[in-house]
>>> print(open('entry_23.cif').read())   # mmCIF, C-alpha atoms
data_target
#
loop_
_atom_site.group_PDB
_atom_site.id
_atom_site.type_symbol
_atom_site.label_atom_id
_atom_site.label_comp_id
_atom_site.auth_asym_id
_atom_site.auth_seq_id
_atom_site.Cartn_x
_atom_site.Cartn_y
_atom_site.Cartn_z
ATOM 1 C CA MET A 15 137.996 87.645 154.953
ATOM 2 C CA ALA A 16 135.061 90.011 155.544
ATOM 3 C CA LEU A 17 134.715 92.588 152.784
ATOM 4 C CA HIS A 18 135.146 95.607 155.048
ATOM 5 C CA ARG A 19 138.313 94.096 156.555
ATOM 6 C CA PHE A 20 139.659 93.453 153.068
ATOM 7 C CA TRP A 21 139.073 97.067 152.138
ATOM 8 C CA GLN A 22 140.595 98.312 155.400
ATOM 9 C CA SER A 23 143.703 96.293 154.614
ATOM 10 C CA ILE A 24 144.170 97.814 151.173
ATOM 11 C CA ILE A 25 142.875 101.369 151.669
ATOM 12 C CA PRO A 26 144.905 103.258 154.261
ATOM 13 C CA GLY A 27 144.837 106.152 151.744
ATOM 14 C CA VAL A 28 142.253 107.080 149.110
ATOM 15 C CA LEU A 29 142.656 109.826 146.521
ATOM 16 C CA LEU A 30 140.021 110.875 144.025
ATOM 17 C CA LEU A 31 141.416 112.169 140.751
ATOM 18 C CA GLY A 32 141.403 111.522 137.026
ATOM 19 C CA SER A 33 140.252 112.629 133.618
ATOM 20 C CA THR A 34 136.872 112.965 131.942
ATOM 21 C CA THR A 35 138.238 111.250 128.869
ATOM 22 C CA PRO A 36 138.641 107.472 128.742
ATOM 23 C CA GLY A 37 141.888 105.607 128.340
ATOM 24 C CA TYR A 38 145.430 106.453 129.337
ATOM 25 C CA ALA A 39 146.535 109.950 130.332
ATOM 26 C CA ASP A 40 150.033 111.160 131.195
ATOM 27 C CA ASP A 41 151.061 112.525 134.589
ATOM 28 C CA GLU A 42 150.232 116.129 133.670
ATOM 29 C CA GLU A 43 146.674 115.156 132.740
ATOM 30 C CA LEU A 44 146.303 113.030 135.851
ATOM 31 C CA CYS A 45 147.299 115.823 138.229
ATOM 32 C CA GLY A 46 146.327 118.865 136.181
ATOM 33 C CA PRO A 47 142.882 119.428 137.765
ATOM 34 C CA PHE A 48 144.419 119.742 141.241
ATOM 35 C CA ARG A 49 147.630 121.712 140.683
ATOM 36 C CA ASP A 50 145.891 125.096 141.004
ATOM 37 C CA SER A 51 143.221 124.027 143.509
ATOM 38 C CA LYS A 52 143.253 123.861 147.308
ATOM 39 C CA VAL A 53 144.878 120.435 147.167
ATOM 40 C CA ALA A 54 148.247 120.308 148.948
ATOM 41 C CA PRO A 55 151.262 119.608 146.674
ATOM 42 C CA GLU A 56 152.119 116.450 148.602
ATOM 43 C CA ARG A 57 148.732 115.009 147.695
ATOM 44 C CA VAL A 58 149.406 115.695 144.024
ATOM 45 C CA GLN A 59 152.669 113.801 144.389
ATOM 46 C CA ALA A 60 150.787 110.975 146.082
ATOM 47 C CA MET A 61 148.565 110.754 143.006
ATOM 48 C CA LEU A 62 151.598 110.363 140.762
ATOM 49 C CA SER A 63 153.063 107.735 143.076
ATOM 50 C CA ALA A 64 149.803 105.786 143.043
ATOM 51 C CA ALA A 65 149.763 105.817 139.238
ATOM 52 C CA GLU A 66 153.383 104.667 139.063
ATOM 53 C CA ASP A 67 152.837 101.883 141.588
ATOM 54 C CA GLY A 68 149.635 100.529 140.026
ATOM 55 C CA HIS A 69 147.345 101.612 142.876
ATOM 56 C CA LEU A 70 145.375 104.243 140.981
ATOM 57 C CA TYR A 71 141.717 103.631 140.040
ATOM 58 C CA ARG A 72 140.131 106.147 137.690
ATOM 59 C CA ILE A 73 136.450 107.043 137.660
ATOM 60 C CA GLN A 74 134.741 106.202 134.384
ATOM 61 C CA PRO A 75 132.491 109.173 133.454
ATOM 62 C CA SER A 76 130.465 107.135 130.961
ATOM 63 C CA THR A 77 129.302 104.727 133.684
ATOM 64 C CA SER A 78 129.353 107.064 136.707
ATOM 65 C CA ARG A 79 126.818 109.666 137.834
ATOM 66 C CA MET A 80 127.073 112.703 140.131
ATOM 67 C CA GLY A 81 124.095 114.893 140.941
ATOM 68 C CA PHE A 82 121.635 116.250 143.485
ATOM 69 C CA CYS A 83 117.937 116.483 144.360
ATOM 70 C CA ILE A 84 116.049 119.375 145.948
ATOM 71 C CA ASP A 85 112.347 120.004 146.678
ATOM 72 C CA SER A 86 110.461 123.141 145.715
ATOM 73 C CA LYS A 87 106.859 124.263 146.194
ATOM 74 C CA PHE A 88 106.111 123.007 142.695
ATOM 75 C CA SER A 89 108.096 119.800 142.209
ATOM 76 C CA ARG A 90 111.184 117.825 143.112
ATOM 77 C CA VAL A 91 114.151 118.977 141.034
ATOM 78 C CA LYS A 92 116.746 116.421 139.965
ATOM 79 C CA ALA A 93 119.980 117.442 138.284
ATOM 80 C CA GLU A 94 123.344 115.931 137.452
ATOM 81 C CA PHE A 95 126.787 117.157 136.455
ATOM 82 C CA LEU A 96 128.097 115.821 133.156
ATOM 83 C CA ILE A 97 131.775 116.743 133.606
ATOM 84 C CA PHE A 98 133.726 115.573 136.650
ATOM 85 C CA GLN A 99 137.162 114.191 137.381
ATOM 86 C CA GLY A 100 138.003 111.556 139.919
ATOM 87 C CA GLY A 101 139.429 108.193 140.835
ATOM 88 C CA LEU A 102 140.627 106.005 143.680
ATOM 89 C CA SER A 103 144.065 104.967 144.831
ATOM 90 C CA LEU A 104 144.092 101.791 146.909
ATOM 91 C CA TRP A 105 147.225 101.166 148.928
ATOM 92 C CA PRO A 106 148.215 97.563 149.811
ATOM 93 C CA GLY A 107 149.455 98.191 153.349
ATOM 94 C CA PRO A 108 149.346 100.544 156.351
ATOM 95 C CA GLY A 109 150.221 104.170 155.686
ATOM 96 C CA GLU A 110 148.477 107.524 155.539
ATOM 97 C CA ASP A 111 144.995 108.342 156.774
ATOM 98 C CA GLU A 112 142.182 107.852 154.271
ATOM 99 C CA LEU A 113 141.992 110.727 151.783
ATOM 100 C CA ALA A 114 139.702 111.564 148.877
ATOM 101 C CA MET A 115 139.284 114.272 146.249
ATOM 102 C CA VAL A 116 136.895 114.978 143.405
ATOM 103 C CA VAL A 117 136.378 117.977 141.120
ATOM 104 C CA ILE A 118 133.056 118.767 139.411
ATOM 105 C CA ARG A 119 132.522 121.414 136.700
ATOM 106 C CA THR A 120 129.457 123.411 137.721
ATOM 107 C CA ALA A 121 128.702 124.645 134.183
ATOM 108 C CA SER A 122 128.060 121.032 133.159
ATOM 109 C CA LEU A 123 124.896 120.950 135.302
ATOM 110 C CA ASP A 124 122.014 119.362 133.405
ATOM 111 C CA THR A 125 118.291 118.997 134.122
ATOM 112 C CA ASN A 126 115.286 117.965 132.046
ATOM 113 C CA ASN A 127 114.086 121.588 132.101
ATOM 114 C CA SER A 128 116.263 124.261 130.458
ATOM 115 C CA ILE A 129 114.616 127.115 132.389
ATOM 116 C CA ILE A 130 115.355 125.461 135.735
ATOM 117 C CA GLY A 131 118.844 124.570 134.533
ATOM 118 C CA ASP A 132 119.615 128.173 133.591
ATOM 119 C CA MET A 133 118.286 129.403 136.937
ATOM 120 C CA LEU A 134 120.458 126.944 138.865
ATOM 121 C CA LYS A 135 123.537 128.064 136.923
ATOM 122 C CA SER A 136 122.784 131.753 137.546
ATOM 123 C CA GLN A 137 124.121 134.018 140.313
ATOM 124 C CA ARG A 138 121.111 133.091 142.469
ATOM 125 C CA PHE A 139 122.433 129.582 142.962
ATOM 126 C CA PHE A 140 125.658 127.981 141.633
ATOM 127 C CA ASP A 141 126.901 131.146 139.875
ATOM 128 C CA VAL A 142 128.955 129.023 137.489
ATOM 129 C CA GLU A 143 130.877 131.970 136.006
ATOM 130 C CA ASN A 144 132.386 132.953 139.342
ATOM 131 C CA TYR A 145 132.509 129.459 140.890
ATOM 132 C CA PRO A 146 133.322 127.006 138.067
ATOM 133 C CA GLU A 147 134.240 124.050 140.309
ATOM 134 C CA ILE A 148 133.020 122.016 143.255
ATOM 135 C CA LEU A 149 135.795 120.340 145.252
ATOM 136 C CA PHE A 150 135.566 117.589 147.853
ATOM 137 C CA ALA A 151 138.649 116.594 149.868
ATOM 138 C CA SER A 152 138.209 113.957 152.556
ATOM 139 C CA LYS A 153 139.942 113.556 155.907
ATOM 140 C CA SER A 154 138.922 110.063 157.030
ATOM 141 C CA LEU A 155 137.099 106.905 155.991
ATOM 142 C CA HIS A 156 135.427 104.731 158.631
ATOM 143 C CA TRP A 157 133.815 101.419 157.683
ATOM 144 C CA THR A 158 130.559 100.736 159.560
ATOM 145 C CA SER A 159 129.828 97.296 158.044
ATOM 146 C CA GLN A 160 131.156 94.899 155.427
ATOM 147 C CA THR A 161 129.982 97.138 152.585
ATOM 148 C CA THR A 162 129.196 100.559 154.105
ATOM 149 C CA GLY A 163 131.253 103.392 155.512
ATOM 150 C CA ASP A 164 131.405 107.098 156.343
ATOM 151 C CA LEU A 165 133.703 109.333 154.295
ATOM 152 C CA LYS A 166 134.315 112.626 156.120
ATOM 153 C CA GLY A 167 135.890 115.678 154.547
ATOM 154 C CA ASP A 168 135.568 119.255 153.302
ATOM 155 C CA LEU A 169 133.207 120.324 150.530
ATOM 156 C CA THR A 170 134.007 123.592 148.735
ATOM 157 C CA LEU A 171 130.929 124.946 146.967
ATOM 158 C CA HIS A 172 130.061 128.487 145.881
ATOM 159 C CA GLY A 173 133.309 129.703 147.460
ATOM 160 C CA VAL A 174 132.479 128.271 150.896
ATOM 161 C CA THR A 175 134.139 125.248 152.536
ATOM 162 C CA LYS A 176 132.184 123.132 155.036
ATOM 163 C CA ALA A 177 132.700 119.747 156.682
ATOM 164 C CA VAL A 178 130.435 116.987 155.313
ATOM 165 C CA THR A 179 130.083 113.213 155.649
ATOM 166 C CA PHE A 180 129.291 111.008 152.654
ATOM 167 C CA HIS A 181 127.714 107.632 153.396
ATOM 168 C CA VAL A 182 129.373 105.074 151.106
ATOM 169 C CA GLN A 183 128.078 101.685 149.963
ATOM 170 C CA LEU A 184 130.161 99.237 147.928
ATOM 171 C CA THR A 185 127.943 97.487 145.381
ATOM 172 C CA SER A 186 130.462 95.601 143.218
ATOM 173 C CA MET A 187 134.115 94.600 143.164
ATOM 174 C CA LYS A 188 135.958 92.684 140.436
ATOM 175 C CA LYS A 189 139.279 90.967 141.167
ATOM 176 C CA GLU A 190 142.016 89.726 138.880
ATOM 177 C CA PRO A 191 143.487 86.204 139.183
ATOM 178 C CA ASP A 192 146.290 87.600 141.379
ATOM 179 C CA SER A 193 143.632 88.922 143.817
ATOM 180 C CA ARG A 194 144.243 92.554 142.921
ATOM 181 C CA VAL A 195 141.089 94.584 142.545
ATOM 182 C CA GLU A 196 140.476 95.572 138.912
ATOM 183 C CA LYS A 197 137.190 97.475 139.202
ATOM 184 C CA ILE A 198 134.916 98.766 141.949
ATOM 185 C CA VAL A 199 131.426 100.262 141.923
ATOM 186 C CA ALA A 200 130.175 102.330 144.846
ATOM 187 C CA LYS A 201 127.321 104.637 145.822
ATOM 188 C CA ALA A 202 127.794 107.711 148.020
ATOM 189 C CA GLY A 203 125.410 110.346 149.317
ATOM 190 C CA THR A 204 124.918 113.094 151.875
ATOM 191 C CA THR A 205 122.550 115.953 152.696
ATOM 192 C CA ILE A 206 123.657 119.590 152.979
ATOM 193 C CA ARG A 207 121.941 122.926 153.581
ATOM 194 C CA ARG A 208 122.381 125.271 150.652
ATOM 195 C CA SER A 209 122.189 128.285 152.980
ATOM 196 C CA ASP A 210 125.449 127.078 154.583
ATOM 197 C CA PHE A 211 127.096 127.789 151.228
ATOM 198 C CA ASN A 212 125.490 131.226 150.748
ATOM 199 C CA MET A 213 122.947 129.851 148.276
ATOM 200 C CA ASP A 214 119.748 131.009 149.984
ATOM 201 C CA ALA A 215 117.851 132.582 147.080
ATOM 202 C CA LEU A 216 114.090 131.905 146.795
ATOM 203 C CA SER A 217 114.024 130.419 150.279
ATOM 204 C CA LEU A 218 110.209 130.619 150.404
ATOM 205 C CA LEU A 219 109.892 128.493 147.267
ATOM 206 C CA VAL A 220 112.921 126.185 147.332
ATOM 207 C CA ASP A 221 113.872 123.882 150.210
ATOM 208 C CA ASP A 222 117.111 124.512 152.083
ATOM 209 C CA SER A 223 117.952 120.791 152.201
ATOM 210 C CA VAL A 224 119.853 119.336 149.219
ATOM 211 C CA GLU A 225 120.624 115.648 148.661
ATOM 212 C CA LEU A 226 123.977 115.007 146.996
ATOM 213 C CA CYS A 227 124.420 111.591 145.412
ATOM 214 C CA MET A 228 126.794 109.685 143.148
ATOM 215 C CA ILE A 229 127.320 106.268 141.635
ATOM 216 C CA VAL A 230 130.953 105.656 140.776
ATOM 217 C CA GLU A 231 132.673 102.999 138.689
ATOM 218 C CA ALA A 232 136.466 103.072 138.924
ATOM 219 C CA ILE A 233 138.981 100.940 137.022
ATOM 220 C CA ARG A 234 142.625 100.356 137.906
ATOM 221 C CA HIS A 235 144.804 102.765 135.936
ATOM 222 C CA ASP A 236 147.427 100.341 134.631
ATOM 223 C CA ALA A 237 144.613 98.043 133.485
ATOM 224 C CA GLN A 238 143.353 100.967 131.382
ATOM 225 C CA GLN A 239 146.802 101.441 129.877
ATOM 226 C CA LYS A 240 146.966 97.789 128.855
ATOM 227 C CA GLY A 241 143.603 98.107 127.129
ATOM 228 C CA SER A 242 144.371 101.361 125.346
#
>>> encode(input="entry_23.cif", output="structure tokens")
Amino acid sequence: MALHRFWQSIIPGVLLLGSTTPGYADDEELCGPFRDSKVAPERVQAMLSAAEDGHLYRIQPSTSRMGFCIDSKFSRVKAEFLIFQGGLSLWPGPGEDELAMVVIRTASLDTNNSIIGDMLKSQRFFDVENYPEILFASKSLHWTSQTTGDLKGDLTLHGVTKAVTFHVQLTSMKKEPDSRVEKIVAKAGTTIRRSDFNMDALSLLVDDSVELCMIVEAIRHDAQQKGS
């Protein structure tokens, strides 16, 4: 079976959730990051159902990366977020439309230059005190080849919500003897305009275009429990 058809057959619904700490977490920890967010209650319940049914895949922070790149008049700035929460739930049959969620803590932003890092965290840009989280919630997932697809959804950043499309590429998939997927690795990226999110400070020095990128490794939740 072609890889994209295999994924279409097992992913009628995708939910991103999880914990920044490895190993098993109870239901409160699994759903905690989304209970007070813009996520609908029924999606939180879907997360719990996925965990109970063995369809939940949790992002591994130690082997995953989420960050962005932006050009300035002086250099290209690269930064990443060190604290984020996410995962995947893969359903074995037809059901809901594809969904996805991920939460990133803006104060965990890190660069190789402390001055630039402090500026990015300030009110001129991310304003981490007033906007402590970035939230992505998808609406659809369309596979364009055996290993690539478009993940469309809403990105909430700096208090503004805009529609975005992440281009996804599957790079690795590990199966168990019973053909269930145990681990997946994927890359995803998109380009946004920071001015769309009311982050237009220093527009003469810093480019408006921002590249968002991530490399995600996710492991099936009940497999984590067995190993904990």
>>> closest_residue(input="entry_23.cif", among="A:Gly173, A:Gly68, A:Pro146, A:Gly167", to="Phe98 of chain A", atoms="all atoms listed in the file")
A:Pro146
>>> closest_residue(input="entry_23.cif", among="A:Ser128, A:Thr170, A:Ser159, A:Asn212", to="Val116 of chain A", atoms="only C-alpha atoms")
A:Thr170
>>> residues_around(input="entry_23.cif", residues="segment 221-232 of chain A", least_positions_apart="3", cutoff="6 Å", atoms="all atoms listed in the file", output="list in words")
Tyr71, Arg72, Ile73, Gln74, Ser78, Arg79, Met80, Gly81, Phe82, Cys83, Ile84, Asp85, Ser86, Lys197, Ile198, Val199, Ala200, Lys201, Ala202, Gly203, Thr204, Thr205, Ile206, Arg207 and Arg208 of chain A
>>> write_last_selection(input="entry_23.cif", atoms="C-alpha atoms", output="PDB file, in the coordinates of the input")
ATOM      1  CA  TYR A  71     141.717 103.631 140.040  1.00  0.00           C
ATOM      2  CA  ARG A  72     140.131 106.147 137.690  1.00  0.00           C
ATOM      3  CA  ILE A  73     136.450 107.043 137.660  1.00  0.00           C
ATOM      4  CA  GLN A  74     134.741 106.202 134.384  1.00  0.00           C
ATOM      5  CA  SER A  78     129.353 107.064 136.707  1.00  0.00           C
ATOM      6  CA  ARG A  79     126.818 109.666 137.834  1.00  0.00           C
ATOM      7  CA  MET A  80     127.073 112.703 140.131  1.00  0.00           C
ATOM      8  CA  GLY A  81     124.095 114.893 140.941  1.00  0.00           C
ATOM      9  CA  PHE A  82     121.635 116.250 143.485  1.00  0.00           C
ATOM     10  CA  CYS A  83     117.937 116.483 144.360  1.00  0.00           C
ATOM     11  CA  ILE A  84     116.049 119.375 145.948  1.00  0.00           C
ATOM     12  CA  ASP A  85     112.347 120.004 146.678  1.00  0.00           C
ATOM     13  CA  SER A  86     110.461 123.141 145.715  1.00  0.00           C
ATOM     14  CA  LYS A 197     137.190  97.475 139.202  1.00  0.00           C
ATOM     15  CA  ILE A 198     134.916  98.766 141.949  1.00  0.00           C
ATOM     16  CA  VAL A 199     131.426 100.262 141.923  1.00  0.00           C
ATOM     17  CA  ALA A 200     130.175 102.330 144.846  1.00  0.00           C
ATOM     18  CA  LYS A 201     127.321 104.637 145.822  1.00  0.00           C
ATOM     19  CA  ALA A 202     127.794 107.711 148.020  1.00  0.00           C
ATOM     20  CA  GLY A 203     125.410 110.346 149.317  1.00  0.00           C
ATOM     21  CA  THR A 204     124.918 113.094 151.875  1.00  0.00           C
ATOM     22  CA  THR A 205     122.550 115.953 152.696  1.00  0.00           C
ATOM     23  CA  ILE A 206     123.657 119.590 152.979  1.00  0.00           C
ATOM     24  CA  ARG A 207     121.941 122.926 153.581  1.00  0.00           C
ATOM     25  CA  ARG A 208     122.381 125.271 150.652  1.00  0.00           C
TER      26      ARG A 208
END
>>> closest_residue(input="entry_23.cif", among="A:His172, A:Arg194, A:Arg119, A:His69", to="Phe140 of chain A", atoms="only C-alpha atoms")
A:His172
>>> atom_distance(input="entry_23.cif", atom1="atom CA of Asp168 of chain A", atom2="atom CA of Met187 of chain A")
26.7 Å
>>> resolve_selection(input="entry_23.cif", expression="the PyMOL selection byres ((chain A and resi 118) around 12)", output="ChimeraX atom specification")
/A:30-34,47-48,75,79-81,94-100,115-117,119-123,142,145-150,169-171,228
>>> atom_distance(input="entry_23.cif", atom1="atom CA of Thr161 of chain A", atom2="atom CA of Val91 of chain A")
29.3 Å
>>> closest_residue(input="entry_23.cif", among="A:Asn126, A:Asp67, A:Thr179, A:Val174", to="Ser152 of chain A", atoms="all atoms listed in the file")
A:Thr179
>>> atom_distance(input="entry_23.cif", atom1="atom CA of Arg138 of chain A", atom2="atom CA of Asp214 of chain A")
7.9 Å
>>> closest_residue(input="entry_23.cif", among="A:Lys166, A:Ala177, A:His156, A:Ile233", to="Lys189 of chain A", atoms="only C-alpha atoms")
A:Ile233
